[in-house]
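Engineer: One file: input.cif (mmCIF, C-alpha atoms).
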data_model
loop_
_atom_site.group_PDB
_atom_site.id
_atom_site.type_symbol
_atom_site.label_atom_id
_atom_site.label_comp_id
_atom_site.auth_asym_id
_atom_site.auth_seq_id
_atom_site.Cartn_x
_atom_site.Cartn_y
_atom_site.Cartn_z
ATOM 1 C CA MET A 1043 101.566 115.057 78.524
ATOM 2 C CA ASN A 1044 100.155 112.200 76.393
ATOM 3 C CA PHE A 1045 96.471 111.532 75.698
ATOM 4 C CA SER A 1046 96.150 108.957 78.520
ATOM 5 C CA GLU A 1047 97.407 111.486 81.068
ATOM 6 C CA TRP A 1048 95.223 114.260 79.652
ATOM 7 C CA LEU A 1049 92.071 112.104 79.698
ATOM 8 C CA SER A 1050 92.603 110.820 83.245
ATOM 9 C CA ASN A 1051 93.438 114.303 84.555
ATOM 10 C CA LYS A 1052 90.387 115.767 82.796
ATOM 11 C CA ILE A 1053 87.939 113.262 84.298
ATOM 12 C CA LEU A 1054 89.568 112.356 87.614
ATOM 13 C CA THR A 1055 89.203 115.646 89.467
ATOM 14 C CA LYS A 1056 90.936 116.229 92.793
ATOM 15 C CA LYS A 1057 87.751 115.273 94.610
ATOM 16 C CA GLU A 1058 87.704 111.929 92.826
ATOM 17 C CA TYR A 1059 91.425 111.275 92.895
ATOM 18 C CA SER A 1060 91.203 107.664 94.088
ATOM 19 C CA LYS A 1061 91.782 104.102 92.952
ATOM 20 C CA LYS A 1062 88.021 103.385 92.846
ATOM 21 C CA TYR A 1063 87.288 106.163 90.367
ATOM 22 C CA ALA A 1064 90.292 105.167 88.268
ATOM 23 C CA GLY A 1065 88.720 101.698 88.029
ATOM 24 C CA TYR A 1066 85.385 103.217 86.988
ATOM 25 C CA LEU A 1067 87.052 105.343 84.309
ATOM 26 C CA GLU A 1068 89.058 102.477 82.821
ATOM 27 C CA GLY A 1069 86.067 100.163 82.991
ATOM 28 C CA TRP A 1070 83.634 102.457 81.185
ATOM 29 C CA VAL A 1071 86.170 103.468 78.515
ATOM 30 C CA SER A 1072 86.775 99.757 77.918
ATOM 31 C CA ILE A 1073 83.073 98.846 77.827
ATOM 32 C CA VAL A 1074 82.142 101.530 75.294
ATOM 33 C CA GLY A 1075 85.201 100.831 73.140
ATOM 34 C CA ASN A 1076 84.889 97.027 73.178
ATOM 35 C CA LEU A 1077 81.121 97.020 72.608
ATOM 36 C CA THR A 1078 81.611 99.220 69.545
ATOM 37 C CA LEU A 1079 84.373 96.921 68.257
ATOM 38 C CA PHE A 1080 82.257 93.806 68.874
ATOM 39 C CA LEU A 1081 79.332 95.116 66.833
ATOM 40 C CA PHE A 1082 81.589 96.203 63.969
ATOM 41 C CA LYS A 1083 83.603 92.949 63.860
ATOM 42 C CA TYR A 1084 80.597 90.672 64.267
ATOM 43 C CA PHE A 1085 78.520 92.169 61.457
ATOM 44 C CA ALA A 1086 81.602 92.571 59.268
ATOM 45 C CA GLY A 1087 82.425 88.905 59.897
ATOM 46 C CA LEU A 1088 78.901 87.848 58.920
ATOM 47 C CA SER A 1089 78.938 89.943 55.748
ATOM 48 C CA LEU A 1090 82.373 88.661 54.698
ATOM 49 C CA GLY A 1091 81.795 85.077 55.870
ATOM 50 C CA SER A 1092 84.923 85.158 58.057
ATOM 51 C CA ILE A 1093 84.934 82.789 61.037
ATOM 52 C CA SER A 1094 88.169 84.302 62.373
ATOM 53 C CA LEU A 1095 86.625 87.792 62.363
ATOM 54 C CA ILE A 1096 83.540 86.496 64.204
ATOM 55 C CA ALA A 1097 85.828 84.792 66.737
ATOM 56 C CA ASP A 1098 87.718 88.059 67.157
ATOM 57 C CA ALA A 1099 84.390 89.857 67.705
ATOM 58 C CA PHE A 1100 83.592 87.578 70.634
ATOM 59 C CA HIS A 1101 87.094 88.168 71.952
ATOM 60 C CA SER A 1102 86.239 91.885 72.085
ATOM 61 C CA LEU A 1103 82.902 91.062 73.729
ATOM 62 C CA SER A 1104 84.699 89.027 76.402
ATOM 63 C CA ASP A 1105 86.681 92.154 77.258
ATOM 64 C CA VAL A 1106 83.366 93.950 77.888
ATOM 65 C CA PHE A 1107 82.505 91.352 80.539
ATOM 66 C CA THR A 1108 85.963 91.667 82.037
ATOM 67 C CA SER A 1109 85.556 95.439 82.272
ATOM 68 C CA VAL A 1110 82.186 94.986 83.998
ATOM 69 C CA VAL A 1111 84.002 92.800 86.508
ATOM 70 C CA VAL A 1112 86.570 95.558 87.020
ATOM 71 C CA ILE A 1113 83.834 98.124 87.759
ATOM 72 C CA LEU A 1114 81.902 95.780 90.065
ATOM 73 C CA GLY A 1115 85.124 94.760 91.758
ATOM 74 C CA PHE A 1116 86.072 98.350 92.573
ATOM 75 C CA LYS A 1117 82.489 99.208 93.599
ATOM 76 C CA LEU A 1118 81.705 96.189 95.775
ATOM 77 C CA GLY A 1119 85.277 95.761 96.952
ATOM 78 C CA SER A 1120 85.289 99.288 98.346
ATOM 79 C CA LYS A 1121 82.429 98.505 100.743
ATOM 80 C CA PRO A 1122 83.573 98.865 104.353
ATOM 81 C CA ALA A 1123 84.065 95.904 106.660
ATOM 82 C CA ASP A 1124 81.052 94.622 108.553
ATOM 83 C CA LYS A 1125 80.310 92.027 111.231
ATOM 84 C CA GLU A 1126 80.244 89.114 108.764
ATOM 85 C CA HIS A 1127 83.260 90.359 106.768
ATOM 86 C CA PRO A 1128 85.728 91.954 109.205
ATOM 87 C CA TYR A 1129 88.404 92.228 106.512
ATOM 88 C CA GLY A 1130 86.203 93.989 103.978
ATOM 89 C CA HIS A 1131 84.852 92.871 100.590
ATOM 90 C CA GLY A 1132 87.919 93.352 98.392
ATOM 91 C CA ARG A 1133 88.085 89.740 97.213
ATOM 92 C CA ILE A 1134 84.687 89.923 95.485
ATOM 93 C CA GLU A 1135 86.469 90.909 92.281
ATOM 94 C CA GLN A 1136 88.474 87.694 92.254
ATOM 95 C CA ILE A 1137 85.333 85.559 92.719
ATOM 96 C CA ALA A 1138 83.655 87.334 89.797
ATOM 97 C CA THR A 1139 86.830 86.887 87.752
ATOM 98 C CA LEU A 1140 86.587 83.109 88.248
ATOM 99 C CA ILE A 1141 83.087 83.148 86.749
ATOM 100 C CA ILE A 1142 84.217 85.236 83.764
ATOM 101 C CA ALA A 1143 87.203 82.905 83.209
ATOM 102 C CA LEU A 1144 84.874 79.889 82.981
ATOM 103 C CA LEU A 1145 82.607 81.723 80.516
ATOM 104 C CA LEU A 1146 85.637 82.589 78.379
ATOM 105 C CA LEU A 1147 86.639 78.923 78.226
ATOM 106 C CA ILE A 1148 83.114 77.966 77.095
ATOM 107 C CA VAL A 1149 83.190 80.636 74.360
ATOM 108 C CA ALA A 1150 86.676 79.493 73.257
ATOM 109 C CA TYR A 1151 85.500 75.866 72.991
ATOM 110 C CA ASP A 1152 82.504 76.804 70.848
ATOM 111 C CA LEU A 1153 84.583 79.018 68.556
ATOM 112 C CA VAL A 1154 87.421 76.523 68.103
ATOM 113 C CA ARG A 1155 84.864 73.868 67.118
ATOM 114 C CA SER A 1156 83.398 76.232 64.488
ATOM 115 C CA SER A 1157 86.902 77.027 63.255
ATOM 116 C CA PHE A 1158 87.752 73.342 62.805
ATOM 117 C CA GLU A 1159 84.556 72.901 60.787
ATOM 118 C CA ARG A 1160 85.713 75.775 58.565
ATOM 119 C CA LEU A 1161 89.095 74.066 58.166
ATOM 120 C CA MET A 1162 87.413 70.862 57.010
ATOM 121 C CA ASN A 1163 85.058 72.740 54.698
ATOM 122 C CA PRO A 1164 86.845 75.939 53.590
ATOM 123 C CA HIS A 1165 85.085 78.539 51.464
ATOM 124 C CA LYS A 1166 85.959 81.905 50.056
ATOM 125 C CA VAL A 1167 86.020 84.885 52.392
ATOM 126 C CA GLU A 1168 85.239 88.171 50.664
ATOM 127 C CA PHE A 1169 87.939 90.822 50.932
ATOM 128 C CA ASN A 1170 86.777 94.332 51.719
ATOM 129 C CA LEU A 1171 89.375 97.110 51.767
ATOM 130 C CA GLY A 1172 87.268 99.333 54.041
ATOM 131 C CA VAL A 1173 86.870 96.565 56.628
ATOM 132 C CA PHE A 1174 90.577 95.742 56.317
ATOM 133 C CA VAL A 1175 91.575 99.362 57.093
ATOM 134 C CA LEU A 1176 89.097 99.638 59.965
ATOM 135 C CA LEU A 1177 90.474 96.428 61.491
ATOM 136 C CA ILE A 1178 93.968 97.911 61.516
ATOM 137 C CA ILE A 1179 92.591 101.070 63.145
ATOM 138 C CA SER A 1180 90.766 98.935 65.745
ATOM 139 C CA ALA A 1181 94.019 97.089 66.562
ATOM 140 C CA ILE A 1182 95.760 100.438 67.109
ATOM 141 C CA PHE A 1183 92.844 101.596 69.271
ATOM 142 C CA LYS A 1184 93.026 98.419 71.374
ATOM 143 C CA GLU A 1185 96.736 98.972 71.927
ATOM 144 C CA TRP A 1186 95.958 102.506 73.127
ATOM 145 C CA MET A 1187 93.363 101.060 75.531
ATOM 146 C CA ALA A 1188 96.030 98.688 76.853
ATOM 147 C CA ARG A 1189 98.468 101.549 77.454
ATOM 148 C CA PHE A 1190 95.724 103.657 79.064
ATOM 149 C CA SER A 1191 94.918 100.813 81.474
ATOM 150 C CA ILE A 1192 98.604 100.315 82.302
ATOM 151 C CA TYR A 1193 99.011 104.058 82.933
ATOM 152 C CA LEU A 1194 96.075 104.149 85.372
ATOM 153 C CA GLY A 1195 97.146 100.877 86.984
ATOM 154 C CA LYS A 1196 100.627 102.187 87.707
ATOM 155 C CA ARG A 1197 99.406 105.633 88.751
ATOM 156 C CA PHE A 1198 96.975 104.222 91.324
ATOM 157 C CA ASP A 1199 98.822 100.966 92.114
ATOM 158 C CA ALA A 1200 95.832 98.970 90.849
ATOM 159 C CA SER A 1201 96.862 95.532 89.599
ATOM 160 C CA PRO A 1202 93.380 94.681 88.133
ATOM 161 C CA LEU A 1203 93.777 97.553 85.663
ATOM 162 C CA ILE A 1204 97.182 96.302 84.535
ATOM 163 C CA ALA A 1205 95.715 92.800 84.148
ATOM 164 C CA ASP A 1206 92.845 94.223 82.055
ATOM 165 C CA ALA A 1207 95.432 95.920 79.859
ATOM 166 C CA TRP A 1208 96.713 92.525 78.726
ATOM 167 C CA HIS A 1209 93.207 91.561 77.637
ATOM 168 C CA HIS A 1210 93.153 94.643 75.406
ATOM 169 C CA ARG A 1211 96.594 93.812 74.045
ATOM 170 C CA SER A 1212 95.636 90.198 73.281
ATOM 171 C CA ASP A 1213 92.612 91.513 71.357
ATOM 172 C CA ALA A 1214 94.876 93.812 69.351
ATOM 173 C CA ILE A 1215 97.064 90.821 68.444
ATOM 174 C CA ALA A 1216 93.992 88.756 67.512
ATOM 175 C CA THR A 1217 92.727 91.540 65.238
ATOM 176 C CA LEU A 1218 96.071 91.683 63.448
ATOM 177 C CA LEU A 1219 95.839 87.917 62.881
ATOM 178 C CA VAL A 1220 92.395 88.389 61.331
ATOM 179 C CA THR A 1221 93.716 91.028 58.901
ATOM 180 C CA ILE A 1222 96.368 88.506 57.838
ATOM 181 C CA GLY A 1223 93.571 85.991 57.264
ATOM 182 C CA LEU A 1224 91.684 88.428 55.042
ATOM 183 C CA LEU A 1225 94.815 89.007 52.987
ATOM 184 C CA GLY A 1226 95.311 85.250 52.712
ATOM 185 C CA SER A 1227 91.761 84.779 51.435
ATOM 186 C CA LYS A 1228 92.297 87.463 48.809
ATOM 187 C CA LEU A 1229 95.344 85.495 47.619
ATOM 188 C CA GLY A 1230 93.384 82.228 47.540
ATOM 189 C CA PHE A 1231 94.486 80.655 50.865
ATOM 190 C CA TYR A 1232 90.942 79.959 52.067
ATOM 191 C CA ARG A 1233 91.934 77.583 54.866
ATOM 192 C CA LEU A 1234 93.905 80.405 56.506
ATOM 193 C CA ASP A 1235 90.651 81.869 57.870
ATOM 194 C CA GLY A 1236 89.922 78.631 59.761
ATOM 195 C CA ILE A 1237 93.520 78.355 60.988
ATOM 196 C CA LEU A 1238 93.490 81.898 62.351
ATOM 197 C CA GLY A 1239 90.032 81.282 63.840
ATOM 198 C CA VAL A 1240 91.611 78.424 65.831
ATOM 199 C CA LEU A 1241 94.485 80.683 66.893
ATOM 200 C CA VAL A 1242 92.117 83.431 68.075
ATOM 201 C CA SER A 1243 90.044 80.840 69.955
ATOM 202 C CA LEU A 1244 93.186 79.517 71.638
ATOM 203 C CA LEU A 1245 94.118 83.089 72.563
ATOM 204 C CA ILE A 1246 90.705 83.513 74.254
ATOM 205 C CA ALA A 1247 91.229 80.209 76.067
ATOM 206 C CA TRP A 1248 94.698 81.325 77.183
ATOM 207 C CA VAL A 1249 93.226 84.522 78.653
ATOM 208 C CA GLY A 1250 90.558 82.439 80.423
ATOM 209 C CA VAL A 1251 93.095 80.013 81.896
ATOM 210 C CA ASP A 1252 95.353 82.889 82.940
ATOM 211 C CA LEU A 1253 92.435 84.607 84.714
ATOM 212 C CA LEU A 1254 91.465 81.326 86.362
ATOM 213 C CA LYS A 1255 95.005 80.751 87.648
ATOM 214 C CA SER A 1256 95.588 84.296 88.898
ATOM 215 C CA ALA A 1257 92.221 84.576 90.673
ATOM 216 C CA THR A 1258 92.563 81.126 92.261
ATOM 217 C CA SER A 1259 96.111 81.859 93.385
ATOM 218 C CA PHE A 1260 95.018 85.152 94.956
ATOM 219 C CA LEU A 1261 92.108 83.539 96.823
ATOM 220 C CA ILE A 1262 94.289 80.696 98.117
ATOM 221 C CA GLY A 1263 96.755 83.257 99.439
ATOM 222 C CA GLU A 1264 99.967 84.371 97.759
ATOM 223 C CA ALA A 1265 103.334 85.197 99.274
ATOM 224 C CA PRO A 1266 104.105 88.943 99.390
ATOM 225 C CA SER A 1267 105.735 90.304 96.250
ATOM 226 C CA GLY A 1268 109.448 91.011 96.120
ATOM 227 C CA ASP A 1269 108.763 94.742 95.759
ATOM 228 C CA LEU A 1270 106.604 94.773 98.899
ATOM 229 C CA VAL A 1271 109.195 92.859 100.927
ATOM 230 C CA LYS A 1272 111.896 95.261 99.732
ATOM 231 C CA LYS A 1273 109.827 98.279 100.823
ATOM 232 C CA ILE A 1274 109.401 96.817 104.298
ATOM 233 C CA ASP A 1275 113.057 95.808 104.441
ATOM 234 C CA ASP A 1276 114.169 99.341 103.511
ATOM 235 C CA ILE A 1277 111.941 100.831 106.230
ATOM 236 C CA ILE A 1278 113.375 98.530 108.909
ATOM 237 C CA VAL A 1279 116.989 98.983 107.818
ATOM 238 C CA ASN A 1280 116.547 102.747 108.089
ATOM 239 C CA THR A 1281 114.861 102.658 111.528
ATOM 240 C CA PRO A 1282 117.434 103.170 114.307
ATOM 241 C CA GLY A 1283 117.032 100.700 117.149
ATOM 242 C CA VAL A 1284 115.596 97.840 115.069
ATOM 243 C CA LEU A 1285 118.226 95.101 114.888
ATOM 244 C CA ASN A 1286 116.422 92.625 112.663
ATOM 245 C CA TYR A 1287 112.965 91.328 111.717
ATOM 246 C CA HIS A 1288 111.333 87.988 110.948
ATOM 247 C CA ASP A 1289 107.995 86.186 110.507
ATOM 248 C CA LEU A 1290 106.719 88.707 107.962
ATOM 249 C CA SER A 1291 103.142 87.863 106.962
ATOM 250 C CA VAL A 1292 100.919 89.675 104.448
ATOM 251 C CA HIS A 1293 97.228 88.928 103.871
ATOM 252 C CA ASP A 1294 95.931 90.766 100.821
ATOM 253 C CA TYR A 1295 92.207 91.527 100.733
ATOM 254 C CA GLN A 1296 92.442 93.537 97.490
ATOM 255 C CA ASN A 1297 91.462 96.864 99.000
ATOM 256 C CA GLU A 1298 93.562 96.423 102.118
ATOM 257 C CA LYS A 1299 96.695 94.567 103.171
ATOM 258 C CA TYR A 1300 97.103 93.179 106.689
ATOM 259 C CA ILE A 1301 100.796 93.053 107.542
ATOM 260 C CA THR A 1302 102.298 91.463 110.659
ATOM 261 C CA LEU A 1303 105.965 91.050 111.547
ATOM 262 C CA HIS A 1304 108.338 90.645 114.490
ATOM 263 C CA ILE A 1305 111.179 93.073 115.096
ATOM 264 C CA GLU A 1306 114.226 92.354 117.241
ATOM 265 C CA VAL A 1307 115.336 95.099 119.641
ATOM 266 C CA ASP A 1308 118.034 95.471 122.265
ATOM 267 C CA ASN A 1309 116.963 93.653 125.443
ATOM 268 C CA ASN A 1310 118.104 96.614 127.539
ATOM 269 C CA LEU A 1311 115.285 98.819 126.234
ATOM 270 C CA THR A 1312 112.414 99.629 128.562
ATOM 271 C CA VAL A 1313 108.951 98.385 127.670
ATOM 272 C CA LYS A 1314 107.916 101.908 126.649
ATOM 273 C CA GLU A 1315 111.004 102.405 124.473
ATOM 274 C CA ALA A 1316 110.429 99.090 122.705
ATOM 275 C CA HIS A 1317 106.723 99.869 122.316
ATOM 276 C CA ASP A 1318 107.472 103.303 120.848
ATOM 277 C CA LEU A 1319 109.885 101.686 118.387
ATOM 278 C CA ALA A 1320 107.209 99.225 117.258
ATOM 279 C CA LEU A 1321 104.742 102.092 116.744
ATOM 280 C CA LYS A 1322 107.342 103.981 114.714
ATOM 281 C CA VAL A 1323 107.808 100.976 112.392
ATOM 282 C CA GLN A 1324 104.025 100.534 112.082
ATOM 283 C CA ASP A 1325 103.441 104.173 111.168
ATOM 284 C CA GLU A 1326 106.297 104.193 108.668
ATOM 285 C CA ILE A 1327 105.027 101.083 106.880
ATOM 286 C CA LYS A 1328 101.479 102.502 106.771
ATOM 287 C CA SER A 1329 102.772 105.734 105.238
ATOM 288 C CA LYS A 1330 104.779 103.922 102.554
ATOM 289 C CA ILE A 1331 102.333 101.117 101.711
ATOM 290 C CA GLU A 1332 98.878 102.296 100.719
ATOM 291 C CA ASN A 1333 95.799 100.782 102.408
ATOM 292 C CA SER A 1334 97.767 98.719 104.912
ATOM 293 C CA GLN A 1335 96.973 97.660 108.452
ATOM 294 C CA VAL A 1336 100.183 96.846 110.330
ATOM 295 C CA THR A 1337 100.896 94.931 113.529
ATOM 296 C CA VAL A 1338 104.464 94.804 114.866
ATOM 297 C CA HIS A 1339 105.492 92.385 117.616
ATOM 298 C CA ILE A 1340 108.582 92.962 119.749
ATOM 299 C CA ASP A 1341 111.255 90.321 120.380
ATOM 300 C CA PRO A 1342 114.289 91.011 122.611
ATOM 301 C CA LYS A 1343 117.561 90.237 120.838
ATOM 302 C CA GLY A 1344 118.522 86.571 121.037
ATOM 303 C CA GLU A 1345 115.031 85.354 121.997
ATOM 304 C CA ARG A 1346 113.622 84.636 118.556
ATOM 305 C CA GLU A 1347 111.310 81.633 118.466
ATOM 306 C CA ASP A 1348 111.929 79.388 115.453
#
Would you encode the structure as structure tokens?
Structural biologist:
Amino acid sequence: MNFSEWLSNKILTKKEYSKKYAGYLEGWVSIVGNLTLFLFKYFAGLSLGSISLIADAFHSLSDVFTSVVVILGFKLGSKPADKEHPYGHGRIEQIATLIIALLLLIVAYDLVRSSFERLMNPHKVEFNLGVFVLLIISAIFKEWMARFSIYLGKRFDASPLIADAWHHRSDAIATLLVTIGLLGSKLGFYRLDGILGVLVSLLIAWVGVDLLKSATSFLIGEAPSGDLVKKIDDIIVNTPGVLNYHDLSVHDYQNEKYITLHIEVDNNLTVKEAHDLALKVQDEIKSKIENSQVTVHIDPKGERED
């Protein structure tokens, strides 16, 4: 058992063994870790005069906001359906993600402008061995946070946690770039700090654009994933009496999936037999696909409507 498994098993007791609490755990671990890294990098960047280190500090701070979104998304998205929102509140997370993505782009613009100013007017960045070592440790820590998020995301089938993992990993890469910049300054390549500041800013912008695209795509409505279609296909293939299926539709509301499809059955079946077959397919899909609501329509063989 690795540390990620031990930590999640220690905190996520059987009573709390759910996707929502996994989101809370990952979110709070990320907030505490990233806030600590932000404070260290920011004040170290000020003391050393490193624009790339300050840019990297704000990259870590952006991950704090993202983790807040994760927590709010799991909290608000888990609210039950009501009269105004019959499909629940699961898409709140994606709306909040859009806001965070726009803020990231604003931060990236401000930092890249500062970095270009540093390129035009380079000055010496002080090298500090202690800061250099701590930056390497922070990059290793960020990579652990990424793997922890991926572990929880896969364990609880929570795609927001896997997405958050890539934010941690991009921060780890940015921190490694900053350490290269510090080494370059020690060797007299003072413009390297500005160059790497631009690269870190572009990395923040890339994360912002990626968040913007993924959240927008989700809200518009995406086609079901290949893995989901394969699961449904396997269920139908292994259900005796179902000859074929078509018109598969999946509406994802983050905390719940609404699945509808048509199955073809022998036209000699009685209404009850066909109905029982549809119920069997519905129950099987619900048991294999977590948080799904399933509706199965019946079509006699040869009467499919195109």
Engineer: Quick check on the file I pasted: which residues fall under the PyMOL selection byres ((chain A and resi 1083) around 12)? Write them as an MDAnalysis selection string.
Structural biologist: chainID A and resid 1076:1082 1084:1103 1173:1174 1176:1178 1180:1181 1213 1216:1217 1220:1221
Engineer: Save the residues we just selected, C-alpha atoms, as a compact mmCIF listing (two decimals), in the frame of the given file?
Structural biologist:
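Generated output (again.txt):
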# COMPACT_ATOMS: atom_id res chain seq x y z
CA ASN A 1076 84.89 97.03 73.18
CA LEU A 1077 81.12 97.02 72.61
CA THR A 1078 81.61 99.22 69.54
CA LEU A 1079 84.37 96.92 68.26
CA PHE A 1080 82.26 93.81 68.87
CA LEU A 1081 79.33 95.12 66.83
CA PHE A 1082 81.59 96.20 63.97
CA TYR A 1084 80.60 90.67 64.27
CA PHE A 1085 78.52 92.17 61.46
CA ALA A 1086 81.60 92.57 59.27
CA GLY A 1087 82.42 88.90 59.90
CA LEU A 1088 78.90 87.85 58.92
CA SER A 1089 78.94 89.94 55.75
CA LEU A 1090 82.37 88.66 54.70
CA GLY A 1091 81.80 85.08 55.87
CA SER A 1092 84.92 85.16 58.06
CA ILE A 1093 84.93 82.79 61.04
CA SER A 1094 88.17 84.30 62.37
CA LEU A 1095 86.62 87.79 62.36
CA ILE A 1096 83.54 86.50 64.20
CA ALA A 1097 85.83 84.79 66.74
CA ASP A 1098 87.72 88.06 67.16
CA ALA A 1099 84.39 89.86 67.70
CA PHE A 1100 83.59 87.58 70.63
CA HIS A 1101 87.09 88.17 71.95
CA SER A 1102 86.24 91.88 72.08
CA LEU A 1103 82.90 91.06 73.73
CA VAL A 1173 86.87 96.56 56.63
CA PHE A 1174 90.58 95.74 56.32
CA LEU A 1176 89.10 99.64 59.96
CA LEU A 1177 90.47 96.43 61.49
CA ILE A 1178 93.97 97.91 61.52
CA SER A 1180 90.77 98.94 65.74
CA ALA A 1181 94.02 97.09 66.56
CA ASP A 1213 92.61 91.51 71.36
CA ALA A 1216 93.99 88.76 67.51
CA THR A 1217 92.73 91.54 65.24
CA VAL A 1220 92.40 88.39 61.33
CA THR A 1221 93.72 91.03 58.90
Engineer: Tell me which protein, DNA and RNA residues are within 10 Å of Arg1189 of chain A, counting only C-alpha atoms, leaving out same-chain ones fewer than 6 positions away, and put them as number ranges by chain.
Structural biologist: A: 1046, 1183, 1195, 1204, 1207-1208, 1210-1211
Engineer: Which residues would end up in the selection if the PyMOL selection byres ((chain A and resi 1245) around 10) were applied here, given that I need the answer as a PyMOL selection string?
Structural biologist: chain A and resi 1098+1101+1150+1209+1212-1213+1215-1216+1239-1244+1246-1251
Engineer: Given the PyMOL selection byres ((chain A and resi 1226-1232) around 12) and the file above, list the residues it selects as a ChimeraX atom specification.
Structural biologist: /A:1090-1094,1160-1171,1174,1219-1225,1233-1239
Engineer: Residues near segment 1060-1074 of chain A, anyone? I mean within 9 Å using all atoms listed in the file, not counting same-chain ones fewer than 5 positions away, as a VMD selection string.
Structural biologist: chain A and resid 1050 1053 to 1054 1079 1103 1105 to 1117 1120 1187 1190 to 1191 1194 to 1195 1197 to 1200 1202 to 1203 1210
Engineer: For those residues, write C-alpha atoms to a file as an mmCIF file, in the coordinates of the input.
Structural biologist:
data_model
loop_
_atom_site.group_PDB
_atom_site.id
_atom_site.type_symbol
_atom_site.label_atom_id
_atom_site.label_comp_id
_atom_site.auth_asym_id
_atom_site.auth_seq_id
_atom_site.Cartn_x
_atom_site.Cartn_y
_atom_site.Cartn_z
ATOM 1 C CA SER A 1050 92.603 110.820 83.245
ATOM 2 C CA ILE A 1053 87.939 113.262 84.298
ATOM 3 C CA LEU A 1054 89.568 112.356 87.614
ATOM 4 C CA LEU A 1079 84.373 96.921 68.257
ATOM 5 C CA LEU A 1103 82.902 91.062 73.729
ATOM 6 C CA ASP A 1105 86.681 92.154 77.258
ATOM 7 C CA VAL A 1106 83.366 93.950 77.888
ATOM 8 C CA PHE A 1107 82.505 91.352 80.539
ATOM 9 C CA THR A 1108 85.963 91.667 82.037
ATOM 10 C CA SER A 1109 85.556 95.439 82.272
ATOM 11 C CA VAL A 1110 82.186 94.986 83.998
ATOM 12 C CA VAL A 1111 84.002 92.800 86.508
ATOM 13 C CA VAL A 1112 86.570 95.558 87.020
ATOM 14 C CA ILE A 1113 83.834 98.124 87.759
ATOM 15 C CA LEU A 1114 81.902 95.780 90.065
ATOM 16 C CA GLY A 1115 85.124 94.760 91.758
ATOM 17 C CA PHE A 1116 86.072 98.350 92.573
ATOM 18 C CA LYS A 1117 82.489 99.208 93.599
ATOM 19 C CA SER A 1120 85.289 99.288 98.346
ATOM 20 C CA MET A 1187 93.363 101.060 75.531
ATOM 21 C CA PHE A 1190 95.724 103.657 79.064
ATOM 22 C CA SER A 1191 94.918 100.813 81.474
ATOM 23 C CA LEU A 1194 96.075 104.149 85.372
ATOM 24 C CA GLY A 1195 97.146 100.877 86.984
ATOM 25 C CA ARG A 1197 99.406 105.633 88.751
ATOM 26 C CA PHE A 1198 96.975 104.222 91.324
ATOM 27 C CA ASP A 1199 98.822 100.966 92.114
ATOM 28 C CA ALA A 1200 95.832 98.970 90.849
ATOM 29 C CA PRO A 1202 93.380 94.681 88.133
ATOM 30 C CA LEU A 1203 93.777 97.553 85.663
ATOM 31 C CA HIS A 1210 93.153 94.643 75.406
#
Engineer: In Å, how far is it from atom CA of Asn1310 of chain A to atom CA of Gln1324 of chain A?
Structural biologist: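 Result for atom CA of Asn1310 of chain A versus atom CA of Gln1324 of chain A: 21.3 Å, one decimal.
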Engineer: Could you give me, as a VMD selection string, the residues within 9 Å of Ile1331 of chain A, counting all atoms listed in the file and dropping anything in the same chain fewer than 2 positions from it?
Structural biologist: chain A and resid 1270 1273 to 1274 1299 1326 to 1329 1333 to 1334
Engineer: Would you compute the box with edges along x, y and z of the file around segment 1139-1152 of chain A, including every atom the file lists for it and 5 Å extra on each side, and give its centre and edge lengths in Å to one decimal, as AutoDock Vina command-line options?
Structural biologist:
--center_x 84.9 --center_y 81.4 --center_z 79.5 --size_x 14.7 --size_y 21.0 --size_z 27.4
Engineer: Find, counting all atoms listed in the file, the residue in A:Val1313, A:Leu1146, A:Leu1118, A:Ala1123 that gets nearest to Leu1254 of chain A.
Structural biologist: A:Leu1146
Engineer: Just give me the gap between atom CA of Ala1257 of chain A and atom CA of Gln1136 of chain A in Å, one decimal is fine.
Structural biologist: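 Atom-to-atom, atom CA of Ala1257 of chain A and atom CA of Gln1136 of chain A are spaced 5.1 Å apart.
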Engineer: Please indicate the distance in Å from atom CA of Ile1301 of chain A to atom CA of Tyr1287 of chain A, rounded to one decimal place.
Structural biologist: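 One can read the atom CA of Ile1301 of chain A to atom CA of Tyr1287 of chain A distance as 13.0 Å.
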Engineer: Out of A:Thr1312, A:Thr1139, A:Thr1281, A:Ser1104, which residue has the shortest atom-to-atom distance to Leu1253 of chain A when counting all atoms listed in the file?
Structural biologist: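 Checking each candidate against Leu1253 of chain A, we get A:Thr1139 as the closest.
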Engineer: Skipping near chain neighbours, those fewer than 4 positions away, what residues fall within 9 Å of Pro1266 of chain A using only C-alpha atoms, listed as a JSON list (two decimals) with C-alpha atoms, keeping the file's coordinate frame?
Structural biologist:
[["chain", "number", "residue", "atom", "x", "y", "z"],
["A", 1270, "LEU", "CA", 106.60, 94.77, 98.90],
["A", 1271, "VAL", "CA", 109.20, 92.86, 100.93],
["A", 1290, "LEU", "CA", 106.72, 88.71, 107.96],
["A", 1291, "SER", "CA", 103.14, 87.86, 106.96],
["A", 1292, "VAL", "CA", 100.92, 89.68, 104.45],
["A", 1293, "HIS", "CA", 97.23, 88.93, 103.87],
["A", 1294, "ASP", "CA", 95.93, 90.77, 100.82]]
Engineer: Give me the residues near Val1307 of chain A as a ChimeraX atom specification, where near means some atom within 10 Å (using all atoms listed in the file) and where sequence neighbours in that chain fewer than 6 positions away do not count.
Structural biologist: /A:1282-1287,1315-1316,1319-1320,1340-1344
Engineer: At most 8 Å from (83.9, 95.4, 101.6), file frame, all atoms listed in the file: which residues, as a count of residues only?
Structural biologist: 12
